[in-house]
Structures are given as structure tokens and as C-alpha cells.
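Enquirer: My questions all concern the structure below.
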Amino acid sequence: MGKTYQNDSIFSSMTEQEKALVAAWSDHSRMWKDNKWVYPVISRRAGGLSIGVNLNPDHKCSFACAYCQSGPQDGHPSVPIDVDEVEKELRNFVEFYESGEFAKCDFFGKVAEDKKIIKDLCLSGDGESTIVKEFPEVCRRMRQIQKEYQARHEGSSDPQNPASFKLRLITNASQLGRDSVEDALSTLLENDGEIWAKLDAGTEEWYRKINRSPVKFETILANLKKAISCHPICIQTMLCSIRGEIPGETEILHYLENLEQVYRTRPEHFVEVQLYTVIRQTATPDVFPLEKEFMEQVAKKITDSLPVKVRIF
Ligand code: SF4
């Protein structure tokens, strides 16, 4: 793992349980025991345990973000997806969670109980899930696992085994306009599902610098509007400095206009905006975090112009 941008003096004054929580938040490893596809994350954004499904161990992505933690796709051999194995790992992990064993194991054992309650099964990984041809079948099986869990825990008052969890897709939005992807999402998200989609730019120019994708920026915006018309969406926005350049006033102004267009398409489906900055050294040099004050200023501009919730991470 690369260098973490962490305030050591704050860290040293924390309790052991708080330190365990910060360590769990900081651990973005997509490896879990002998698993190839499924991994647990204690997620600040999800508010508890997120069971991640990584369909891109080969780092295949339609973007090449300057801040990507996964690093470039080059050098990673192609990995064929075994849908049965993905399902098996998911089922095994959900069962492991329900047994109470997950809460006791490894360094997750030290994390406070209420911070490791299952919140979602989440398609998220080292690349972009929606470009994988097995994506629809994986969505179908995830929904089936959710249904079976809900049947086992209907009306549950056990805080460790809640009645349900969400199904989520974390995506760069490049494929959301495709009918096959929308069909898969209509299954995945039909019961308490959400898309967490990337929108990092206001202008094509900054989009080229930060996301470095061959997909046109106007396509990303059209995809976001199409997706929010059908599903709840949270917008995730990375704010960072790239080779000494930060998003300027005009860039932020255009970003707000884009956000508003997405919001106005279907306000009741707009969940929130998550602003974040770089917390670890990135694969590309010269990409650095922005100050808390900058993040707060952008958050204020958003809430001044739109009635939406904004969280900073
Ligand atoms: S979309 Fe995600 S995985 Fe793809 S390059 Fe960007 S940060 Fe990396």
C-alpha cells in the first residue's frame, strides 16, 4: 500500500477501538483469505460492513483516472470470470457474517460492533464492473442472495443481522447508457438498490485531465441523467490537485451546472453528493489531496445552489 496522508497526532490520541476503526477504513485491500472476487470493507460511506465484489482483478477499466489507486491496467493479465465461483464466495461470506464469526476475526474483531453491521453487497473493485460481459448474471445472482437473506431475517430485531442490506453498484458511469447494463441494473437494484456514480468534472478539459477516458464527457452526463431517471443515485466526486493544478472557479461553476442537470432529471432519486480527496499515494505521481477548507467551500457551493445532502470524506 502507498503512503497514507494521515494526521499522526490525532491518531495517537485515539482509543484502541477508534484506531481499529481508522485502520479498517484505511484498509482498501481487495484480498480476503483465499477469495478471488469477494472481500469485506468497513466502509465509512456505507456506514458499516460492505461486502465488495471485484469483477476486475485484471484492473480493466474504461477510465484511467489520474488518482486511481489500482494503477494502470498494463501488466495485469486478463482474468476470466467464473460466475459460479463469484456466487460461492458471496454466499460463503454472507453465511460467515450471519454466523457471527466475521465480527470476531482478524483486525475486524477490534472494531466496534455497530461499525461492522452488514450494510451492502457492492460491485466495486479494481476496475469497472459494467464492462464485464458477466455483469448481468452476477447482478441476477446478487439479487437472489439478497432475497434469500431477507427471507431468513424478515422482521429481524437482531442488530447484528438486520432484516436487509442494500445492493450497490460503484461505477464511473461510462456504460450506464447501454441497454444491457440498464436491464441488469433493473434486477440488481429492484429492492433497496443504489448506484454510486462518479462525476469528477465540470468541463471536458478537466475530465480529460482527471479521468483520462476515451468516452466523451457528454456521454457521461447523458448516462447519469438516464440512470437517475430509473434508480437512486449518489454522486461521488474526487477533488484533487494534478501536477499543481486544482479545479478553478469556472470548473466548479460548470460542475455545479452538471450536478443540477442530473438532480433536476429526477430529484427524488438524488441520494447525496460524496466529496472526497486523495488519502493515499496514487499510482500517478503529482496527484495530491486538497485542503479541508477547499472541500468545505465546494460543499457549501453545492448546498447553496441545490437542496441536496453533501458529505465530505
Ligand atoms: S474509474 Fe475507478 S478503477 Fe477506473 S481508473 Fe478511475 S478510479 Fe481507477
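Residues in the C-alpha cells are named by chain (A, B, ... in the order shown) and by number from 1 within that chain; ligands are numbered from 1 in the order shown.
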Residues at most 9 Å from A:Glu113, counting only C-alpha atoms, excluding those fewer than 4 positions away in the same chain, as a ChimeraX atom specification?
Expert: /A:103,109,117,160
Enquirer: Go ahead and write the selection's residues with C-alpha atoms as a PDB file, in the first residue's frame.
Expert:
```pdb
ATOM      1  CA  ALA A 103     -17.228  -9.930  13.853  1.00  0.00           C
ATOM      2  CA  GLY A 109     -12.536  -8.122  15.867  1.00  0.00           C
ATOM      3  CA  ILE A 117     -23.018  -4.422  10.751  1.00  0.00           C
ATOM      4  CA  GLN A 160     -26.149  -7.815  14.028  1.00  0.00           C
TER       5      GLN A 160
END
```
Enquirer: Which residues of chain A come within 7 Å of ligand 1, and what is each one's closest atom pair and distance in Å (one decimal), counting only C-alpha atoms and all ligand atoms, sorted by chain and residue number, as a Markdown table?
Expert:
```
| residue | atom | partner | partner_atom_place_in_ligand_line | distance |
| --- | --- | --- | --- | --- |
| A:His59 | CA | ligand 1 | 3 (S) | 6.9 |
| A:Cys61 | CA | ligand 1 | 4 (Fe) | 4.8 |
| A:Ser62 | CA | ligand 1 | 4 (Fe) | 6.3 |
| A:Phe63 | CA | ligand 1 | 5 (S) | 4.5 |
| A:Ala64 | CA | ligand 1 | 5 (S) | 3.8 |
| A:Cys65 | CA | ligand 1 | 6 (Fe) | 4.1 |
| A:Tyr67 | CA | ligand 1 | 7 (S) | 6.4 |
| A:Cys68 | CA | ligand 1 | 7 (S) | 4.0 |
| A:Gln69 | CA | ligand 1 | 8 (Fe) | 6.3 |
| A:Ser70 | CA | ligand 1 | 8 (Fe) | 5.7 |
| A:Gly71 | CA | ligand 1 | 8 (Fe) | 7.0 |
| A:Gly125 | CA | ligand 1 | 3 (S) | 6.9 |
| A:Asp126 | CA | ligand 1 | 3 (S) | 5.1 |
| A:Gly127 | CA | ligand 1 | 3 (S) | 3.8 |
| A:Glu128 | CA | ligand 1 | 4 (Fe) | 5.7 |
| A:Thr171 | CA | ligand 1 | 1 (S) | 6.8 |
| A:Asn172 | CA | ligand 1 | 1 (S) | 4.9 |
| A:Asn211 | CA | ligand 1 | 6 (Fe) | 6.2 |
```
Enquirer: Suppose we keep C-alpha atoms; can you now write the selection as a CSV table (one decimal), in the first residue's frame?
Expert:
```
chain,number,residue,atom,x,y,z
A,59,HIS,CA,-7.8,-3.9,-13.5
A,61,CYS,CA,-11.5,-0.1,-16.8
A,62,SER,CA,-12.9,2.4,-19.3
A,63,PHE,CA,-11.3,5.2,-17.4
A,64,ALA,CA,-7.6,5.8,-16.5
A,65,CYS,CA,-8.1,8.2,-13.6
A,67,TYR,CA,-5.8,9.4,-8.9
A,68,CYS,CA,-6.6,5.7,-9.4
A,69,GLN,CA,-5.3,3.5,-6.5
A,70,SER,CA,-5.5,0.4,-8.6
A,71,GLY,CA,-2.8,1.6,-11.0
A,125,GLY,CA,-13.2,-3.3,-7.4
A,126,ASP,CA,-10.0,-2.7,-9.3
A,127,GLY,CA,-11.8,-1.6,-12.5
A,128,GLU,CA,-15.2,-1.0,-14.0
A,171,THR,CA,-19.3,2.9,-11.3
A,172,ASN,CA,-17.6,5.5,-13.5
A,211,ASN,CA,-10.5,10.7,-15.7
```
Enquirer: So which residues touch A:Arg141 within 12 Å, counting only C-alpha atoms, skipping near sequence neighbours fewer than 5 positions away, as an mmCIF file with N, CA and C atoms, in the first residue's frame?
Expert:
```
data_model
loop_
_atom_site.group_PDB
_atom_site.id
_atom_site.type_symbol
_atom_site.label_atom_id
_atom_site.label_comp_id
_atom_site.auth_asym_id
_atom_site.auth_seq_id
_atom_site.Cartn_x
_atom_site.Cartn_y
_atom_site.Cartn_z
ATOM 1 N N VAL A 53 -17.581 -6.880 -4.301
ATOM 2 C CA VAL A 53 -17.439 -7.876 -5.360
ATOM 3 C C VAL A 53 -16.549 -7.243 -6.427
ATOM 4 N N VAL A 83 -18.531 -17.124 -12.817
ATOM 5 C CA VAL A 83 -19.693 -16.608 -12.097
ATOM 6 C C VAL A 83 -20.084 -17.518 -10.931
ATOM 7 N N ASP A 84 -19.945 -18.824 -11.131
ATOM 8 C CA ASP A 84 -20.286 -19.757 -10.039
ATOM 9 C C ASP A 84 -19.376 -19.526 -8.830
ATOM 10 N N GLU A 85 -18.105 -19.260 -9.111
ATOM 11 C CA GLU A 85 -17.162 -19.004 -8.004
ATOM 12 C C GLU A 85 -17.488 -17.681 -7.301
ATOM 13 N N VAL A 86 -17.866 -16.675 -8.101
ATOM 14 C CA VAL A 86 -18.249 -15.380 -7.508
ATOM 15 C C VAL A 86 -19.419 -15.608 -6.555
ATOM 16 N N GLU A 87 -20.417 -16.329 -7.039
ATOM 17 C CA GLU A 87 -21.603 -16.600 -6.211
ATOM 18 C C GLU A 87 -21.214 -17.390 -4.957
ATOM 19 N N LYS A 88 -20.361 -18.400 -5.141
ATOM 20 C CA LYS A 88 -19.966 -19.236 -3.992
ATOM 21 C C LYS A 88 -19.260 -18.388 -2.934
ATOM 22 N N GLU A 89 -18.329 -17.548 -3.371
ATOM 23 C CA GLU A 89 -17.617 -16.709 -2.402
ATOM 24 C C GLU A 89 -18.585 -15.762 -1.680
ATOM 25 N N LEU A 90 -19.555 -15.233 -2.448
ATOM 26 C CA LEU A 90 -20.524 -14.320 -1.830
ATOM 27 C C LEU A 90 -21.386 -15.042 -0.795
ATOM 28 N N ARG A 91 -21.900 -16.188 -1.195
ATOM 29 C CA ARG A 91 -22.740 -16.960 -0.275
ATOM 30 C C ARG A 91 -21.949 -17.336 0.974
ATOM 31 N N LEU A 121 -24.072 -5.365 -0.290
ATOM 32 C CA LEU A 121 -23.207 -6.099 -1.208
ATOM 33 C C LEU A 121 -22.951 -5.103 -2.329
ATOM 34 N N GLU A 134 -20.047 -10.725 -17.983
ATOM 35 C CA GLU A 134 -20.803 -11.500 -16.988
ATOM 36 C C GLU A 134 -21.573 -10.597 -16.015
ATOM 37 N N PHE A 135 -21.464 -9.291 -16.185
ATOM 38 C CA PHE A 135 -22.103 -8.351 -15.247
ATOM 39 C C PHE A 135 -23.595 -8.669 -15.028
ATOM 40 N N PRO A 136 -24.396 -8.884 -16.086
ATOM 41 C CA PRO A 136 -25.832 -9.137 -15.847
ATOM 42 C C PRO A 136 -26.077 -10.389 -15.000
ATOM 43 N N GLN A 146 -29.622 -11.599 -1.948
ATOM 44 C CA GLN A 146 -30.315 -10.623 -1.103
ATOM 45 C C GLN A 146 -31.713 -11.128 -0.739
ATOM 46 N N LYS A 147 -32.432 -11.656 -1.730
ATOM 47 C CA LYS A 147 -33.792 -12.173 -1.474
ATOM 48 C C LYS A 147 -33.768 -13.256 -0.413
ATOM 49 N N GLU A 148 -32.822 -14.180 -0.529
ATOM 50 C CA GLU A 148 -32.758 -15.303 0.421
ATOM 51 C C GLU A 148 -32.396 -14.798 1.816
ATOM 52 N N LEU A 167 -28.145 -3.413 -2.157
ATOM 53 C CA LEU A 167 -27.253 -3.817 -3.247
ATOM 54 C C LEU A 167 -26.798 -2.532 -3.928
ATOM 55 N N ALA A 184 -29.689 -5.176 -16.484
ATOM 56 C CA ALA A 184 -29.073 -5.831 -15.317
ATOM 57 C C ALA A 184 -29.338 -5.010 -14.054
ATOM 58 N N THR A 187 -32.687 -5.402 -12.348
ATOM 59 C CA THR A 187 -32.764 -6.572 -11.459
ATOM 60 C C THR A 187 -31.990 -6.301 -10.170
ATOM 61 N N LEU A 188 -30.757 -5.876 -10.318
ATOM 62 C CA LEU A 188 -29.895 -5.673 -9.132
ATOM 63 C C LEU A 188 -30.522 -4.718 -8.128
#
```
Enquirer: DSSP on the backbone: which residues in stretch 235-298 of chain A end up as alpha helix (DSSP H)? Give the answer as a PyMOL selection string.
Expert: chain A and resi 249-265+292-298
Enquirer: Would you list the contacts of A:Phe102 as a compact mmCIF listing (two decimals) with C-alpha atoms, in the first residue's frame, taking every protein, DNA or RNA residue within 12 Å and counting only C-alpha atoms, but skipping same-chain residues closer than 5 positions in sequence?
Expert:
```
# COMPACT_ATOMS: atom_id res chain seq x y z
CA TRP A 32 -9.66 -11.79 1.71
CA TYR A 39 -13.75 -9.04 0.12
CA PRO A 40 -15.01 -7.23 3.24
CA VAL A 41 -14.57 -3.49 3.79
CA ILE A 42 -15.52 -1.43 6.83
CA LEU A 49 -19.66 -3.57 6.56
CA ILE A 51 -19.13 -6.86 1.07
CA ASN A 92 -19.89 -18.20 1.93
CA PHE A 93 -19.14 -14.69 3.12
CA VAL A 94 -22.77 -13.84 3.90
CA GLU A 95 -23.03 -17.13 5.83
CA PHE A 96 -19.76 -16.36 7.67
CA TYR A 97 -21.19 -12.95 8.60
CA PHE A 107 -8.41 -6.98 13.00
CA PHE A 108 -12.15 -6.62 12.37
CA GLY A 109 -12.54 -8.12 15.87
CA LYS A 110 -11.33 -4.87 17.43
CA VAL A 111 -13.76 -2.65 15.51
CA GLU A 113 -19.86 -3.81 16.98
CA LYS A 116 -19.34 -3.74 11.38
CA ILE A 117 -23.02 -4.42 10.75
CA ILE A 118 -23.71 -5.52 7.18
CA GLN A 160 -26.15 -7.81 14.03
```
Enquirer: Using the chain letters and numbers from this document, which residues of stretch 167-233 of chain A does DSSP assign to strand (DSSP E), as an MDAnalysis selection string?
Expert: chainID A and resid 167:171 193:198 233
Enquirer: Please save N, CA and C atoms of the selected residues as a compact mmCIF listing (two decimals), in the first residue's frame.
Expert:
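Writing done, so here's again-v3.txt:
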```txt
# COMPACT_ATOMS: atom_id res chain seq x y z
N LEU A 167 -28.15 -3.41 -2.16
CA LEU A 167 -27.25 -3.82 -3.25
C LEU A 167 -26.80 -2.53 -3.93
N ARG A 168 -25.48 -2.44 -4.16
CA ARG A 168 -24.96 -1.19 -4.74
C ARG A 168 -24.02 -1.48 -5.91
N LEU A 169 -24.00 -0.52 -6.80
CA LEU A 169 -23.00 -0.53 -7.88
C LEU A 169 -22.19 0.74 -7.76
N ILE A 170 -20.87 0.61 -7.68
CA ILE A 170 -20.00 1.78 -7.77
C ILE A 170 -19.45 1.79 -9.19
N THR A 171 -19.64 2.91 -9.87
CA THR A 171 -19.34 2.92 -11.31
C THR A 171 -18.80 4.28 -11.77
N GLY A 193 -31.86 -0.77 -3.90
CA GLY A 193 -30.56 -0.68 -4.55
C GLY A 193 -30.18 0.76 -4.86
N GLU A 194 -28.89 0.98 -5.05
CA GLU A 194 -28.39 2.33 -5.36
C GLU A 194 -27.20 2.25 -6.29
N ILE A 195 -27.06 3.29 -7.10
CA ILE A 195 -25.84 3.47 -7.89
C ILE A 195 -25.02 4.57 -7.23
N TRP A 196 -23.74 4.33 -7.07
CA TRP A 196 -22.82 5.39 -6.66
C TRP A 196 -21.95 5.68 -7.87
N ALA A 197 -22.21 6.82 -8.49
CA ALA A 197 -21.59 7.10 -9.79
C ALA A 197 -20.64 8.29 -9.70
N LYS A 198 -19.59 8.19 -10.48
CA LYS A 198 -18.54 9.20 -10.49
C LYS A 198 -18.95 10.41 -11.34
N ILE A 233 -29.46 7.53 -7.07
CA ILE A 233 -28.03 7.72 -7.37
C ILE A 233 -27.38 8.62 -6.33
```
